[in-house]
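Peer 1: Would you mind keeping the following structure in view while I ask a few things?
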Amino acid sequence: MPRVNLTPSFVASAGCEVGKGKTEWFDLSVTGFTLECRSTGGRTYYLRYFDSTGRQRQFKIGRYEDLTFAAAKKRALQLRSEVVMGGDPSAKKAEAKSIPLYSEIAASHLAYAKLHLKSWASTEMTLRVHIVPKWGKVRVTDITRQGVAQWLADKRASGLSPASVEKLRVLLGRSFELAAQDDVPGCHKNPTRGLPRKPLNNARDRFLTAEEAARLKVAVAASKNPQLQHIVGLLLLTGARMRELLDARWEHVDLERRQWYIPTSKTGRSRHVPLSTPALAIIAALPRFKGCPWLVPNIDTRKPFVSIKHGWQMAIKAANLPGLRIHDLRHSAASFMVNSGVDLFAVGKVLGHASYQSTQRYSHLAQDTLLKAVEAGAAKHCD
């Protein structure tokens, strides 16, 4: 192993010794600083050193043609100082290489969602459309809180709703949380933590009046989808979520006890939904198919509907109810119950709310009931 004073002039003329595949020229002034010359003509700077276990390691500084001799020697001195202080440049470099791109932890996030979430398609769409295009090619350690804050601000400025922007923040943060649980390098510092957030008031209050509900029933009865009238009728009478009804099975409907059992829901809890006389009448009129377990299946496929969007859009157009969402039927069912004098606790039980706070949004709807109460009190007081 030839030892020489590596200088710009020496390096410029240095080559591989005759008959060898490579020759390593070791510098006398900086311990471990090496120029490797290969018989193919390639030349590369390295630092050779021993780590804390006594194992010889080699750190590539760079190719001769890519950096000046002065820059290579300066880097060698920096690395040598790190070694003397107990560091291991090669291990540090390997650790840096092990830090994944965001696209890698996003793929793991999606795999987790598919395994644990019923509504994983929403997660997939948000990752694919919004998050991965921005951060997919970035190493997770390079995703900073400041960068995320600016990105979210840009999303808001582009017209994305506050709730949608908040969803981006939550999903990006969730990617880091899941990766940290798996001890993925570089993911223990979550860039979404500590970001200032304004309180969201994203609840949309859209309730059908009795007259609007009547118009809607006429429109769905004329739909080309013969099941639509049954679906809409039951949603208005039970306050169930659409997916709960589309996935409902006959085995879960107890006509004698007048209840419908929902084994799983958005909250993760099962519940029993009481069935009113009009709801029982709709169920009695439902077509039944041999070997088909579904309550309101697609008549053509005998399987649950994937979507009823087309028929719904045609119906609300015919009923002159633009912008009405299917989920608004759940709100409307709640409003009809509240304005009929049903207390909020009972309404929450029917709807399957996880907390009383979720039902509180309907408290202002009890205007008719509250008016009757104050009128009764006033009448008593004035007698």
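Note on naming: chains are A, B, ... as they come in the structure tokens, residues start from 1 per chain, ligands start from 1 in the order shown.
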So that I can see what lies close to range 114-130 of chain A, please list as a list in words the residues with an atom at most 8 Å from it, counting only C-alpha atoms and leaving out residues fewer than 6 positions away in the same chain.

Peer 2: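 Non-adjacent residues within range: Ala106, Leu168 and Leu171 of chain A.
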
Peer 1: Please write the residues from the selection above to a file, keeping N, CA and C atoms, as a compact mmCIF listing (two decimals), in the first residue's frame.

Peer 2:
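This went into again.txt:
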# COMPACT_ATOMS: atom_id res chain seq x y z
N ALA A 106 -46.42 6.19 2.26
CA ALA A 106 -47.80 6.35 1.80
C ALA A 106 -48.36 5.00 1.34
N LEU A 168 -56.29 16.68 4.65
CA LEU A 168 -54.93 16.50 4.13
C LEU A 168 -53.93 16.48 5.29
N LEU A 171 -54.32 13.12 7.27
CA LEU A 171 -53.81 11.94 6.57
C LEU A 171 -52.29 11.96 6.44

Peer 1: Quick check for you: according to DSSP on this backbone, which residues of range 20-249 of chain A are classed as helix (DSSP H, G or I)? Reply as a ChimeraX atom specification.

Peer 2: /A:64-66,69-84,89-98,102-116,120-135,140-142,145-157,162-181,210-221,228-238,242-246

Peer 1: As a short mmCIF file (atom, residue, chain, number, x, y, z; two decimals) with C-alpha atoms, in the first residue's frame, please: all residues of range 93-286 of chain A that backbone DSSP puts in strand (DSSP E or B).

Peer 2:
data_model
loop_
_atom_site.label_atom_id
_atom_site.label_comp_id
_atom_site.auth_asym_id
_atom_site.auth_seq_id
_atom_site.Cartn_x
_atom_site.Cartn_y
_atom_site.Cartn_z
CA LEU A 101 -39.35 8.70 0.33
CA ARG A 139 -37.40 12.05 1.81
CA ARG A 249 -79.52 -8.17 5.18
CA VAL A 253 -84.62 -7.43 10.21
CA ASP A 254 -86.89 -8.63 13.02
CA GLN A 259 -86.30 -3.58 14.76
CA TRP A 260 -83.38 -3.66 12.35
CA TYR A 261 -79.98 -4.75 13.62
CA ILE A 262 -76.93 -2.96 12.17
CA ARG A 271 -77.08 -0.87 17.11
CA HIS A 272 -80.77 -1.69 16.80
CA VAL A 273 -82.95 0.70 14.81
CA PRO A 274 -86.67 0.71 15.70
#

Peer 1: Which residues are near Thr277 in chain A? Cut-off 10 Å, only C-alpha atoms, ignore same chain within fewer than 5 positions. Put them as a PyMOL selection string.

Peer 2: chain A and resi 237+258+282-283

Peer 1: Write a file of the just-selected residues containing all heavy atoms, as a CSV table (one decimal), in the first residue's frame.

Peer 2:
chain,number,residue,atom,x,y,z
A,237,LEU,N,-87.2,7.4,7.2
A,237,LEU,CA,-88.0,6.9,8.3
A,237,LEU,C,-87.1,6.3,9.4
A,237,LEU,O,-87.5,6.1,10.6
A,237,LEU,CB,-88.9,5.8,7.9
A,237,LEU,CG,-90.1,6.3,7.0
A,237,LEU,CD1,-90.8,5.1,6.4
A,237,LEU,CD2,-91.1,7.1,7.9
A,258,ARG,N,-90.0,-5.5,15.5
A,258,ARG,CA,-90.0,-4.2,14.9
A,258,ARG,C,-88.7,-3.5,15.0
A,258,ARG,O,-88.6,-2.3,15.4
A,258,ARG,CB,-91.2,-3.3,15.4
A,258,ARG,CG,-92.5,-4.0,15.1
A,258,ARG,CD,-93.6,-3.1,15.7
A,258,ARG,NE,-93.6,-1.8,15.2
A,258,ARG,CZ,-94.6,-1.0,15.1
A,258,ARG,NH1,-95.8,-1.4,15.5
A,258,ARG,NH2,-94.5,0.2,14.6
A,282,ILE,N,-93.0,-0.4,4.1
A,282,ILE,CA,-92.1,-0.4,2.9
A,282,ILE,C,-91.3,-1.7,2.9
A,282,ILE,O,-91.2,-2.3,1.8
A,282,ILE,CB,-91.0,0.7,3.1
A,282,ILE,CG1,-91.7,2.1,2.9
A,282,ILE,CG2,-89.9,0.6,2.1
A,282,ILE,CD1,-90.8,3.3,3.1
A,283,ILE,N,-90.9,-2.3,4.0
A,283,ILE,CA,-90.2,-3.5,4.0
A,283,ILE,C,-91.1,-4.7,3.5
A,283,ILE,O,-90.6,-5.5,2.8
A,283,ILE,CB,-89.7,-3.8,5.4
A,283,ILE,CG1,-88.6,-2.8,5.8
A,283,ILE,CG2,-89.2,-5.3,5.6
A,283,ILE,CD1,-88.1,-2.9,7.2

Peer 1: Between A:Ile308, A:Val184, A:Ala319, A:Ala285, which one has atoms that come closest to Ala219 in chain A, using only C-alpha atoms?

Peer 2: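 Selected residue with least distance to Ala219 in chain A: A:Ala319.
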
Peer 1: Let me make sure I understand: among A:Glu82, A:Ile105, A:Arg288, A:Arg330, which one has the smallest atom-to-atom distance to Ser52 in chain A if we use only C-alpha atoms?

Peer 2: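 Counting only C-alpha atoms, the residue closest to Ser52 in chain A is A:Glu82.
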
Peer 1: Might you pull out every residue within 7 Å of Thr192 in chain A, with only C-alpha atoms counted and same-chain residues fewer than 5 positions away left off, and present them as a PDB file with C-alpha atoms, in the first residue's frame?

Peer 2:
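Wrote it out as result20.pdb, contents follow:
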ATOM      1  CA  ARG A 145     -43.507  21.665   9.528  1.00  0.00           C
ATOM      2  CA  VAL A 148     -46.422  21.510   5.294  1.00  0.00           C
ATOM      3  CA  ARG A 169     -53.190  17.460   7.386  1.00  0.00           C
ATOM      4  CA  GLY A 173     -49.767  13.078   9.862  1.00  0.00           C
TER       5      GLY A 173
END

Peer 1: Determine the nearest neighbour of Glu65 in chain A from the options A:Ala210, A:Cys187, A:Val11, A:Ala153, counting only C-alpha atoms.

Peer 2: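 For Glu65 in chain A, the nearest of the given residues is A:Val11.
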
Peer 1: Taking into account only C-alpha atoms, which residue in the set A:Leu321, A:Ile131, A:Leu351, A:Leu28 is nearest to Ser335 in chain A?

Peer 2: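 Comparing A:Leu321, A:Ile131, A:Leu351, A:Leu28 against Ser335 in chain A, the winner is A:Leu351.
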
Peer 1: Which residues come within 10 Å of Ala240 in chain A, counting only C-alpha atoms, excluding same-chain residues fewer than 3 positions away, as a ChimeraX atom specification?

Peer 2: /A:234-237,243-245,262,265,273,327,329-331,333,350-352

Peer 1: Would you compute the distance between CA of Glu166 in chain A and CA of Gln313 in chain A? Give it in Å to one decimal.

Peer 2: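 These atoms are spaced 28.2 Å apart.
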
Peer 1: Go through A:Ala334, A:Ile231, A:Ile316, A:Leu275 and flag the residue nearest Pro297 in chain A, using only C-alpha atoms for the distances.

Peer 2: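 When distances to Pro297 in chain A are compared using only C-alpha atoms, the smallest one comes from A:Ile231.
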
Peer 1: Would you list the contacts of Val30 in chain A as a VMD selection string, taking every protein, DNA or RNA residue within 10 Å and counting only C-alpha atoms, but skipping same-chain residues closer than 5 positions in sequence?

Peer 2: chain A and resid 5 to 6 47 73 to 74 76 to 77 80

Peer 1: Which of these, A:Trp135, A:Phe59, A:Tyr102, A:Phe336, has the shortest distance to Leu208 in chain A once you count only C-alpha atoms?

Peer 2: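 With only C-alpha atoms as the atom set, the closest residue is A:Phe336.
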
Peer 1: Hey, what's within 8 Å of Pro2 in chain A if we count only C-alpha atoms and toss same-chain stuff fewer than 2 positions away? As a PyMOL selection string, please?

Peer 2: chain A and resi 4+24-26

Peer 1: Could you tell me how far CA of Leu67 in chain A sits from CA of Gly15 in chain A, in Å to one decimal place?

Peer 2: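 So the answer is 17.5 Å.
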
Peer 1: Can you work out the spacing between CA of Lys92 in chain A and CA of Gly194 in chain A in Å, to one decimal?

Peer 2: 28.4 Å
